[in-house]
>>> print(open('start-v8.cif').read())   # mmCIF, C-alpha atoms
data_structure
loop_
_atom_site.label_atom_id
_atom_site.label_comp_id
_atom_site.auth_asym_id
_atom_site.auth_seq_id
_atom_site.Cartn_x
_atom_site.Cartn_y
_atom_site.Cartn_z
CA MET A 1 152.94 99.48 95.27
CA ALA A 2 150.67 102.44 94.75
CA ASN A 3 147.11 102.06 95.98
CA TYR A 4 144.61 103.32 93.40
CA ARG A 5 141.52 102.64 95.49
CA THR A 6 139.70 105.69 96.83
CA PRO A 7 138.56 105.86 100.47
CA LEU A 8 134.95 105.63 99.18
CA SER A 9 135.59 102.34 97.43
CA ARG A 10 137.12 100.89 100.59
CA ALA A 11 134.19 102.02 102.74
CA ARG A 12 131.48 100.69 100.39
CA GLY A 13 129.74 97.53 101.45
CA LEU A 14 131.16 97.61 104.96
CA GLY A 15 127.92 98.56 106.62
CA SER A 16 125.76 101.39 107.77
CA ALA A 17 126.35 104.91 106.57
CA LYS A 18 123.68 106.01 109.08
CA HIS A 19 120.78 105.75 106.63
CA GLY A 20 120.16 102.00 106.40
CA ALA A 21 117.45 102.12 109.06
CA GLY A 22 115.53 104.88 107.26
CA HIS A 23 112.71 102.66 106.00
CA TRP A 24 112.31 100.97 109.37
CA ILE A 25 112.20 104.31 111.21
CA SER A 26 109.77 105.90 108.74
CA GLU A 27 107.34 102.99 109.24
CA ARG A 28 107.50 103.48 113.02
CA VAL A 29 107.21 107.26 112.97
CA SER A 30 104.26 107.14 110.55
CA SER A 31 102.54 104.52 112.71
CA ILE A 32 102.96 106.68 115.82
CA ALA A 33 101.37 109.60 113.97
CA LEU A 34 98.54 107.39 112.70
CA VAL A 35 97.46 106.22 116.18
CA PRO A 36 95.68 109.48 117.13
CA LEU A 37 94.80 110.35 113.50
CA VAL A 38 93.03 107.04 112.87
CA ILE A 39 91.03 107.26 116.11
CA TRP A 40 89.96 110.77 115.07
CA ALA A 41 89.14 109.49 111.56
CA VAL A 42 86.81 106.78 112.95
CA TYR A 43 84.93 109.52 114.81
CA GLY A 44 84.84 111.55 111.58
CA VAL A 45 83.51 108.63 109.53
CA LEU A 46 80.77 108.03 112.13
CA ARG A 47 79.63 111.66 111.84
CA LEU A 48 79.92 111.74 108.04
CA ALA A 49 78.01 108.46 107.66
CA ALA A 50 75.08 109.99 109.55
CA GLY A 51 75.09 113.15 107.41
CA ASP A 52 74.42 114.06 103.79
CA TYR A 53 76.45 115.90 101.11
CA GLY A 54 75.82 119.32 102.66
CA PHE A 55 77.02 118.14 106.04
CA ALA A 56 80.16 116.59 104.50
CA VAL A 57 81.05 119.83 102.66
CA HIS A 58 80.49 121.83 105.83
CA TRP A 59 82.58 119.33 107.81
CA VAL A 60 85.49 119.44 105.34
CA GLN A 61 85.40 123.26 105.31
CA ASN A 62 86.26 123.32 109.00
CA PRO A 63 90.02 124.08 109.02
CA LEU A 64 90.81 121.51 111.72
CA ASN A 65 88.88 118.76 109.90
CA ALA A 66 90.50 119.66 106.57
CA THR A 67 94.01 119.65 108.06
CA LEU A 68 93.53 116.38 109.95
CA THR A 69 91.92 114.72 106.91
CA VAL A 70 94.83 115.73 104.66
CA LEU A 71 97.36 114.56 107.26
CA THR A 72 95.55 111.24 107.77
CA LEU A 73 95.42 110.64 104.01
CA ALA A 74 99.05 111.66 103.40
CA ILE A 75 100.53 109.62 106.26
CA SER A 76 98.25 106.62 105.57
CA PHE A 77 99.26 106.47 101.91
CA TRP A 78 102.91 106.83 102.87
CA HIS A 79 102.61 104.12 105.55
CA MET A 80 100.75 101.66 103.31
CA GLN A 81 103.25 102.18 100.51
CA ALA A 82 106.03 101.26 102.93
CA GLY A 83 104.03 98.28 104.24
CA LEU A 84 103.13 96.74 100.90
CA ARG A 85 106.71 97.31 99.75
CA VAL A 86 107.90 94.90 102.46
CA VAL A 87 105.21 92.37 101.47
CA VAL A 88 106.39 92.48 97.83
CA GLU A 89 110.05 92.25 98.87
CA ASP A 90 109.27 89.20 101.05
CA TYR A 91 107.27 87.14 98.56
CA ILE A 92 108.34 88.16 95.04
CA HIS A 93 111.83 87.02 94.12
CA LYS A 94 111.93 87.52 90.34
CA ALA A 95 113.87 90.76 89.91
CA LEU A 96 111.81 92.29 87.11
CA THR A 97 108.41 91.33 88.60
CA LYS A 98 109.55 92.66 91.98
CA SER A 99 110.73 96.00 90.58
CA GLY A 100 107.55 96.32 88.53
CA LEU A 101 105.30 95.70 91.54
CA LEU A 102 107.31 98.06 93.76
CA ILE A 103 106.99 100.85 91.19
CA LEU A 104 103.28 100.07 90.72
CA ASN A 105 102.76 100.21 94.50
CA LEU A 106 104.55 103.56 94.70
CA PHE A 107 102.60 105.03 91.78
CA VAL A 108 99.19 103.76 92.98
CA CYS A 109 99.79 105.22 96.47
CA GLY A 110 101.24 108.46 95.13
CA PHE A 111 98.48 109.02 92.57
CA SER A 112 95.47 108.07 94.69
CA GLY A 113 96.87 109.89 97.72
CA ALA A 114 97.50 113.07 95.70
CA LEU A 115 94.05 112.86 94.08
CA ALA A 116 92.33 112.39 97.45
CA ILE A 117 94.22 115.28 99.05
CA PHE A 118 93.54 117.59 96.10
CA SER A 119 89.82 116.68 96.31
CA ILE A 120 89.71 117.56 100.01
CA LEU A 121 91.49 120.87 99.39
CA LYS A 122 89.14 121.69 96.51
CA VAL A 123 86.05 121.18 98.71
CA ALA A 124 87.66 122.93 101.68
CA LEU A 125 88.64 126.01 99.66
CA SER A 126 85.77 126.26 97.17
CA GLY A 127 82.79 124.85 99.05
CA GLY A 128 82.10 121.71 97.08
CA ALA A 129 81.11 121.20 93.46
CA PHE A 130 81.08 124.13 91.05
CA MET B 1 126.82 49.32 101.44
CA THR B 2 124.25 51.88 100.43
CA ASP B 3 121.02 52.62 102.21
CA ALA B 4 118.49 54.15 99.81
CA SER B 5 115.86 54.74 102.51
CA ARG B 6 118.23 56.69 104.71
CA THR B 7 116.63 60.00 105.61
CA PRO B 8 118.79 63.06 105.12
CA ARG B 9 119.95 64.91 108.19
CA GLU B 10 117.34 67.48 109.31
CA LYS B 11 118.28 70.92 108.16
CA PRO B 12 117.13 73.99 110.06
CA LEU B 13 114.04 75.56 108.53
CA SER B 14 112.78 79.05 108.96
CA PRO B 15 109.25 78.93 110.36
CA HIS B 16 106.56 78.85 107.70
CA LEU B 17 102.97 77.70 107.41
CA GLN B 18 103.66 74.10 106.44
CA VAL B 19 106.13 73.25 109.19
CA TRP B 20 104.82 75.17 112.18
CA ARG B 21 101.62 74.30 113.95
CA TRP B 22 99.28 77.22 114.49
CA HIS B 23 99.71 79.25 117.64
CA ILE B 24 98.39 82.62 118.68
CA THR B 25 101.50 84.77 118.19
CA MET B 26 101.88 83.32 114.68
CA ALA B 27 98.22 84.07 113.94
CA THR B 28 98.54 87.67 115.18
CA SER B 29 101.65 88.17 113.05
CA ILE B 30 99.93 86.90 109.90
CA LEU B 31 96.78 88.88 110.72
CA HIS B 32 98.84 92.07 111.01
CA ARG B 33 99.98 91.69 107.42
CA ALA B 34 96.56 90.54 106.18
CA THR B 35 94.73 93.46 107.83
CA GLY B 36 97.40 95.84 106.49
CA CYS B 37 96.62 94.64 102.97
CA ALA B 38 92.87 95.00 103.65
CA LEU B 39 93.42 98.56 104.90
CA TYR B 40 95.30 99.31 101.64
CA VAL B 41 91.95 98.74 99.92
CA GLY B 42 90.26 100.71 102.70
CA ALA B 43 92.48 103.72 102.03
CA LEU B 44 91.57 103.55 98.34
CA ILE B 45 87.89 103.61 99.41
CA ALA B 46 88.64 106.67 101.57
CA ALA B 47 90.27 108.30 98.52
CA ALA B 48 87.15 107.46 96.48
CA TRP B 49 85.06 109.17 99.18
CA ALA B 50 87.13 112.37 98.88
CA ILE B 51 86.92 112.29 95.07
CA ALA B 52 83.14 111.68 95.17
CA LEU B 53 82.75 114.62 97.54
CA ALA B 54 84.68 116.88 95.16
CA GLN B 55 82.49 115.73 92.25
CA GLY B 56 79.28 117.04 93.80
CA PRO B 57 76.03 115.97 95.45
CA ASP B 58 74.97 113.34 92.87
CA ARG B 59 78.22 111.42 92.91
CA TYR B 60 78.42 111.74 96.69
CA ALA B 61 74.91 110.30 97.13
CA GLN B 62 75.84 107.49 94.71
CA PHE B 63 78.98 106.72 96.73
CA LYS B 64 77.07 106.76 100.04
CA SER B 65 74.35 104.42 98.76
CA LEU B 66 77.07 102.05 97.50
CA LEU B 67 78.71 101.93 100.95
CA GLY B 68 75.29 101.75 102.63
CA SER B 69 74.23 98.67 100.63
CA ILE B 70 74.56 95.22 102.21
CA PRO B 71 77.86 94.35 100.42
CA GLY B 72 79.10 97.86 101.25
CA LYS B 73 78.31 97.36 104.93
CA VAL B 74 80.05 93.97 104.94
CA VAL B 75 83.17 95.64 103.51
CA MET B 76 82.95 98.46 106.06
CA LEU B 77 82.56 95.95 108.92
CA GLY B 78 85.62 94.07 107.69
CA LEU B 79 87.55 97.33 107.46
CA THR B 80 86.50 98.32 111.00
CA VAL B 81 87.82 95.04 112.42
CA SER B 82 91.00 95.35 110.31
CA LEU B 83 91.57 98.94 111.40
CA PHE B 84 91.21 98.27 115.14
CA TYR B 85 93.24 95.08 114.91
CA HIS B 86 96.07 96.71 112.93
CA LEU B 87 95.98 99.74 115.27
CA ALA B 88 96.23 97.67 118.47
CA ASN B 89 98.77 95.22 117.06
CA GLY B 90 100.77 98.15 115.67
CA VAL B 91 100.97 99.61 119.19
CA ARG B 92 102.03 96.11 120.38
CA HIS B 93 104.85 96.22 117.83
CA LEU B 94 105.87 99.71 118.99
CA VAL B 95 106.07 98.41 122.59
CA TRP B 96 108.21 95.51 121.38
CA ASP B 97 110.49 98.01 119.63
CA THR B 98 111.30 99.48 123.05
CA GLY B 99 112.45 96.00 124.15
CA HIS B 100 109.49 95.25 126.43
CA GLY B 101 107.01 92.36 126.40
CA LEU B 102 109.09 90.08 124.18
CA ASP B 103 108.98 86.96 126.39
CA VAL B 104 106.56 84.17 125.38
CA LYS B 105 104.13 84.72 128.26
CA SER B 106 103.78 88.47 127.63
CA ALA B 107 103.57 88.00 123.86
CA ASN B 108 100.75 85.45 124.26
CA ALA B 109 98.90 87.72 126.69
CA SER B 110 99.22 90.80 124.48
CA ALA B 111 98.01 88.75 121.49
CA VAL B 112 94.79 87.91 123.34
CA LEU B 113 94.47 91.55 124.44
CA VAL B 114 94.84 92.83 120.87
CA LEU B 115 92.20 90.41 119.54
CA ALA B 116 89.81 91.32 122.37
CA PHE B 117 90.34 95.04 121.73
CA ALA B 118 89.63 94.65 118.00
CA ALA B 119 86.37 92.82 118.73
CA ALA B 120 85.25 95.19 121.51
CA ALA B 121 86.10 98.39 119.60
CA THR B 122 84.33 97.13 116.47
CA LEU B 123 81.19 96.31 118.48
CA ALA B 124 81.33 99.70 120.19
CA VAL B 125 81.73 101.67 116.95
CA TRP B 126 78.95 99.76 115.17
CA GLY B 127 76.76 100.17 118.23
CA ILE B 128 77.36 103.92 118.18
CA ALA B 129 76.76 103.95 114.41
CA GLY B 130 73.40 102.24 114.95
CA MET B 131 72.39 104.70 117.66
CA THR B 132 73.46 107.86 115.78
CA GLY B 133 71.78 106.94 112.51
CA ALA B 134 75.03 106.30 110.66
CA LEU B 135 73.92 102.88 109.39
#
>>> encode(input="start-v8.cif", output="structure tokens")
Amino acid sequence: MANYRTPLSRARGLGSAKHGAGHWISERVSSIALVPLVIWAVYGVLRLAAGDYGFAVHWVQNPLNATLTVLTLAISFWHMQAGLRVVVEDYIHKALTKSGLLILNLFVCGFSGALAIFSILKVALSGGAF
Amino acid sequence: MTDASRTPREKPLSPHLQVWRWHITMATSILHRATGCALYVGALIAAAWAIALAQGPDRYAQFKSLLGSIPGKVVMLGLTVSLFYHLANGVRHLVWDTGHGLDVKSANASAVLVLAFAAAATLAVWGIAGMTGAL
């Protein structure tokens, strides 16, 4: 009897295609990156809290500060999106509610992260408010 | 003969709050998730800082006075504890991922270490903040 099933259909559902651990690995890699970035950010917040607007603009205009701030924001928003995703997946079992919250989480992190990074770049490149 | 009061055979349960007594490794696990959620809010506050900075001196001063108020400081203190806790416990998880420190004795010891680090680092940072005029 002829077999009409393709090799793909036989392989599906049998296990890893070498990408199943992607979410797990991305959480670990982002957390490794955040260890030094977050320690640096605490130092940055301490300095910024003691200064005024002029100091903050000057601080952000430093290329190293601007780069590290953008990296900290980008990786933090990525990491927290991945983290809250697991929380939603663990506790919310209604399919539509779960999908809705996962999309909301992604959009909130994507939008606020992009807005924060754009704001830093604007100050870094233009020297603050126009 | 039927026995109405017969208790059903105990089925295995996954550990959850109502069936497991509190112990330190359970507390540190729950705290990791709780502080992660708190830091989600913290990151949104950091984003608000960047946006306020881009909006100019007035908005920036407004934002700083909001964070410098008593409720603002309480939130910042909570975020400091959450950050140092999540940082230290995150490193603890990374060590576990290498296959080390997974036995009960080591896990209990590292739990105490993580909690002590979070408290000590928070005190140190707020001490420095007080001395450098950041408060």
>>> closest_atom_pairs(input="start-v8.cif", of="chain A", to="chain B", cutoff="9 Å", atoms="all atoms listed in the file", output="tab-separated table")
residue	atom	partner	partner_atom	distance
A:Arg28	CA	B:Leu94	CA	7.2
A:Ser31	CA	B:Gly90	CA	7.2
A:Ile32	CA	B:Val91	CA	8.1
A:Leu34	CA	B:Leu87	CA	8.5
A:Val35	CA	B:Leu87	CA	6.7
A:Val38	CA	B:Leu87	CA	8.2
A:Val42	CA	B:Val125	CA	8.2
A:Tyr43	CA	B:Val125	CA	8.7
A:Val45	CA	B:Ala134	CA	8.9
A:Leu46	CA	B:Ala129	CA	6.2
A:Arg47	CA	B:Ala134	CA	7.2
A:Leu48	CA	B:Ala134	CA	7.8
A:Ala49	CA	B:Ala134	CA	4.7
A:Ala50	CA	B:Ala134	CA	3.9
A:Gly51	CA	B:Ala134	CA	7.6
A:Asp52	CA	B:Ala61	CA	7.7
A:Tyr53	CA	B:Pro57	CA	5.7
A:Gly54	CA	B:Pro57	CA	8.0
A:Ala56	CA	B:Leu53	CA	7.7
A:Val57	CA	B:Leu53	CA	7.5
A:Leu73	CA	B:Ala43	CA	7.8
A:Ser76	CA	B:Ala43	CA	7.4
A:Phe77	CA	B:Ala43	CA	7.3
A:Met80	CA	B:Tyr40	CA	6.2
A:Gln81	CA	B:Tyr40	CA	8.5
A:Gly83	CA	B:Gly36	CA	7.4
A:Leu84	CA	B:Cys37	CA	7.1
A:Val87	CA	B:Arg33	CA	8.0
A:Cys109	CA	B:Leu44	CA	8.6
A:Ser112	CA	B:Ala47	CA	6.5
A:Gly113	CA	B:Ala47	CA	6.8
A:Leu115	CA	B:Ile51	CA	7.2
A:Ala116	CA	B:Ala47	CA	4.7
A:Ile117	CA	B:Ala50	CA	7.7
A:Phe118	CA	B:Ile51	CA	8.5
A:Ser119	CA	B:Ala54	CA	5.3
A:Ile120	CA	B:Ala50	CA	5.9
A:Leu121	CA	B:Ala54	CA	9.0
A:Lys122	CA	B:Ala54	CA	6.7
A:Val123	CA	B:Ala54	CA	5.7
A:Gly128	CA	B:Ala54	CA	5.8
A:Ala129	CA	B:Gly56	CA	4.6
A:Phe130	CA	B:Gly56	CA	7.8
>>> axis_aligned_box(input="start-v8.cif", around="segment 80-90 of chain A", padding_each_side="6 Å", output="JSON")
{"center_x": 105.4, "center_y": 95.7, "center_z": 101.0, "size_x": 21.3, "size_y": 25.0, "size_z": 18.4}
>>> atom_distance(input="start-v8.cif", atom1="atom CA of Trp24 of chain A", atom2="atom CA of Arg85 of chain A")
11.7 Å
>>> resolve_selection(input="start-v8.cif", expression="the PyMOL selection byres ((chain B and resi 108) around 12)", output="list in words")
His23, Ile24, Thr25, Met26, Ala27, Thr28, Ser29, Arg92, Gly101, Leu102, Asp103, Val104, Lys105, Ser106, Ala107, Ala109, Ser110, Ala111, Val112, Leu113, Val114 and Leu115 of chain B
>>> atom_distance(input="start-v8.cif", atom1="atom CA of Gly42 of chain B", atom2="atom CA of Met76 of chain B")
8.4 Å
>>> closest_residue(input="start-v8.cif", among="A:Ile92, A:Val108, A:Leu64, A:Ala82", to="Ser26 of chain A", atoms="only C-alpha atoms")
A:Ala82
>>> atom_distance(input="start-v8.cif", atom1="atom CA of Ala121 of chain B", atom2="atom CA of Ala41 of chain A")
14.0 Å
>>> build_atoms(input="start-v8.cif", residues="segment 44-75 of chain B", atoms="N, CA and C atoms", output="PDB file, in the coordinates of the input")
ATOM      1  N   LEU B  44      92.029 103.203  99.692  1.00  0.00           N
ATOM      2  CA  LEU B  44      91.570 103.550  98.340  1.00  0.00           C
ATOM      3  C   LEU B  44      90.084 103.918  98.370  1.00  0.00           C
ATOM      4  N   ILE B  45      89.304 103.256  99.249  1.00  0.00           N
ATOM      5  CA  ILE B  45      87.890 103.610  99.410  1.00  0.00           C
ATOM      6  C   ILE B  45      87.766 105.011 100.010  1.00  0.00           C
ATOM      7  N   ALA B  46      88.640 105.332 100.982  1.00  0.00           N
ATOM      8  CA  ALA B  46      88.640 106.670 101.570  1.00  0.00           C
ATOM      9  C   ALA B  46      88.978 107.721 100.506  1.00  0.00           C
ATOM     10  N   ALA B  47      89.924 107.387  99.618  1.00  0.00           N
ATOM     11  CA  ALA B  47      90.270 108.300  98.520  1.00  0.00           C
ATOM     12  C   ALA B  47      89.069 108.477  97.604  1.00  0.00           C
ATOM     13  N   ALA B  48      88.346 107.381  97.331  1.00  0.00           N
ATOM     14  CA  ALA B  48      87.150 107.460  96.480  1.00  0.00           C
ATOM     15  C   ALA B  48      86.093 108.343  97.129  1.00  0.00           C
ATOM     16  N   TRP B  49      85.993 108.302  98.459  1.00  0.00           N
ATOM     17  CA  TRP B  49      85.060 109.170  99.180  1.00  0.00           C
ATOM     18  C   TRP B  49      85.409 110.648  98.925  1.00  0.00           C
ATOM     19  N   ALA B  50      86.698 110.978  99.073  1.00  0.00           N
ATOM     20  CA  ALA B  50      87.130 112.370  98.880  1.00  0.00           C
ATOM     21  C   ALA B  50      86.866 112.825  97.450  1.00  0.00           C
ATOM     22  N   ILE B  51      87.124 111.940  96.483  1.00  0.00           N
ATOM     23  CA  ILE B  51      86.920 112.290  95.070  1.00  0.00           C
ATOM     24  C   ILE B  51      85.429 112.482  94.797  1.00  0.00           C
ATOM     25  N   ALA B  52      84.593 111.574  95.352  1.00  0.00           N
ATOM     26  CA  ALA B  52      83.140 111.680  95.170  1.00  0.00           C
ATOM     27  C   ALA B  52      82.618 112.993  95.753  1.00  0.00           C
ATOM     28  N   LEU B  53      83.166 113.370  96.893  1.00  0.00           N
ATOM     29  CA  LEU B  53      82.750 114.620  97.540  1.00  0.00           C
ATOM     30  C   LEU B  53      83.076 115.818  96.649  1.00  0.00           C
ATOM     31  N   ALA B  54      84.269 115.771  96.032  1.00  0.00           N
ATOM     32  CA  ALA B  54      84.680 116.880  95.160  1.00  0.00           C
ATOM     33  C   ALA B  54      83.883 116.914  93.864  1.00  0.00           C
ATOM     34  N   GLN B  55      83.245 115.775  93.509  1.00  0.00           N
ATOM     35  CA  GLN B  55      82.490 115.730  92.250  1.00  0.00           C
ATOM     36  C   GLN B  55      81.067 116.233  92.398  1.00  0.00           C
ATOM     37  N   GLY B  56      80.603 116.449  93.625  1.00  0.00           N
ATOM     38  CA  GLY B  56      79.280 117.040  93.800  1.00  0.00           C
ATOM     39  C   GLY B  56      78.255 116.133  94.436  1.00  0.00           C
ATOM     40  N   PRO B  57      77.053 116.670  94.687  1.00  0.00           N
ATOM     41  CA  PRO B  57      76.030 115.970  95.450  1.00  0.00           C
ATOM     42  C   PRO B  57      75.582 114.642  94.839  1.00  0.00           C
ATOM     43  N   ASP B  58      75.460 114.578  93.487  1.00  0.00           N
ATOM     44  CA  ASP B  58      74.970 113.340  92.870  1.00  0.00           C
ATOM     45  C   ASP B  58      75.946 112.192  93.077  1.00  0.00           C
ATOM     46  N   ARG B  59      77.215 112.456  92.752  1.00  0.00           N
ATOM     47  CA  ARG B  59      78.220 111.420  92.910  1.00  0.00           C
ATOM     48  C   ARG B  59      78.380 111.027  94.376  1.00  0.00           C
ATOM     49  N   TYR B  60      78.267 112.027  95.271  1.00  0.00           N
ATOM     50  CA  TYR B  60      78.420 111.740  96.690  1.00  0.00           C
ATOM     51  C   TYR B  60      77.292 110.841  97.181  1.00  0.00           C
ATOM     52  N   ALA B  61      76.058 111.130  96.737  1.00  0.00           N
ATOM     53  CA  ALA B  61      74.910 110.300  97.130  1.00  0.00           C
ATOM     54  C   ALA B  61      75.068 108.882  96.580  1.00  0.00           C
ATOM     55  N   GLN B  62      75.580 108.795  95.338  1.00  0.00           N
ATOM     56  CA  GLN B  62      75.840 107.490  94.710  1.00  0.00           C
ATOM     57  C   GLN B  62      76.843 106.688  95.553  1.00  0.00           C
ATOM     58  N   PHE B  63      77.933 107.373  95.934  1.00  0.00           N
ATOM     59  CA  PHE B  63      78.980 106.720  96.730  1.00  0.00           C
ATOM     60  C   PHE B  63      78.426 106.250  98.071  1.00  0.00           C
ATOM     61  N   LYS B  64      77.623 107.118  98.721  1.00  0.00           N
ATOM     62  CA  LYS B  64      77.070 106.760 100.040  1.00  0.00           C
ATOM     63  C   LYS B  64      76.102 105.589  99.952  1.00  0.00           C
ATOM     64  N   SER B  65      75.293 105.543  98.874  1.00  0.00           N
ATOM     65  CA  SER B  65      74.350 104.420  98.760  1.00  0.00           C
ATOM     66  C   SER B  65      75.101 103.118  98.464  1.00  0.00           C
ATOM     67  N   LEU B  66      76.240 103.243  97.760  1.00  0.00           N
ATOM     68  CA  LEU B  66      77.070 102.050  97.500  1.00  0.00           C
ATOM     69  C   LEU B  66      77.618 101.486  98.814  1.00  0.00           C
ATOM     70  N   LEU B  67      78.153 102.373  99.666  1.00  0.00           N
ATOM     71  CA  LEU B  67      78.710 101.930 100.950  1.00  0.00           C
ATOM     72  C   LEU B  67      77.606 101.500 101.917  1.00  0.00           C
ATOM     73  N   GLY B  68      76.406 102.064 101.740  1.00  0.00           N
ATOM     74  CA  GLY B  68      75.290 101.750 102.630  1.00  0.00           C
ATOM     75  C   GLY B  68      74.557 100.483 102.248  1.00  0.00           C
ATOM     76  N   SER B  69      74.861  99.920 101.053  1.00  0.00           N
ATOM     77  CA  SER B  69      74.230  98.670 100.630  1.00  0.00           C
ATOM     78  C   SER B  69      74.755  97.522 101.502  1.00  0.00           C
ATOM     79  N   ILE B  70      74.126  96.359 101.386  1.00  0.00           N
ATOM     80  CA  ILE B  70      74.560  95.220 102.210  1.00  0.00           C
ATOM     81  C   ILE B  70      76.023  94.844 101.934  1.00  0.00           C
ATOM     82  N   PRO B  71      76.423  94.651 100.650  1.00  0.00           N
ATOM     83  CA  PRO B  71      77.860  94.350 100.420  1.00  0.00           C
ATOM     84  C   PRO B  71      78.769  95.472 100.916  1.00  0.00           C
ATOM     85  N   GLY B  72      78.318  96.714 100.775  1.00  0.00           N
ATOM     86  CA  GLY B  72      79.100  97.860 101.250  1.00  0.00           C
ATOM     87  C   GLY B  72      79.300  97.806 102.748  1.00  0.00           C
ATOM     88  N   LYS B  73      78.218  97.434 103.463  1.00  0.00           N
ATOM     89  CA  LYS B  73      78.310  97.360 104.930  1.00  0.00           C
ATOM     90  C   LYS B  73      79.219  96.212 105.363  1.00  0.00           C
ATOM     91  N   VAL B  74      79.172  95.102 104.620  1.00  0.00           N
ATOM     92  CA  VAL B  74      80.050  93.970 104.940  1.00  0.00           C
ATOM     93  C   VAL B  74      81.507  94.404 104.811  1.00  0.00           C
ATOM     94  N   VAL B  75      81.805  95.142 103.718  1.00  0.00           N
ATOM     95  CA  VAL B  75      83.170  95.640 103.510  1.00  0.00           C
ATOM     96  C   VAL B  75      83.564  96.593 104.637  1.00  0.00           C
TER      97      VAL B  75
END
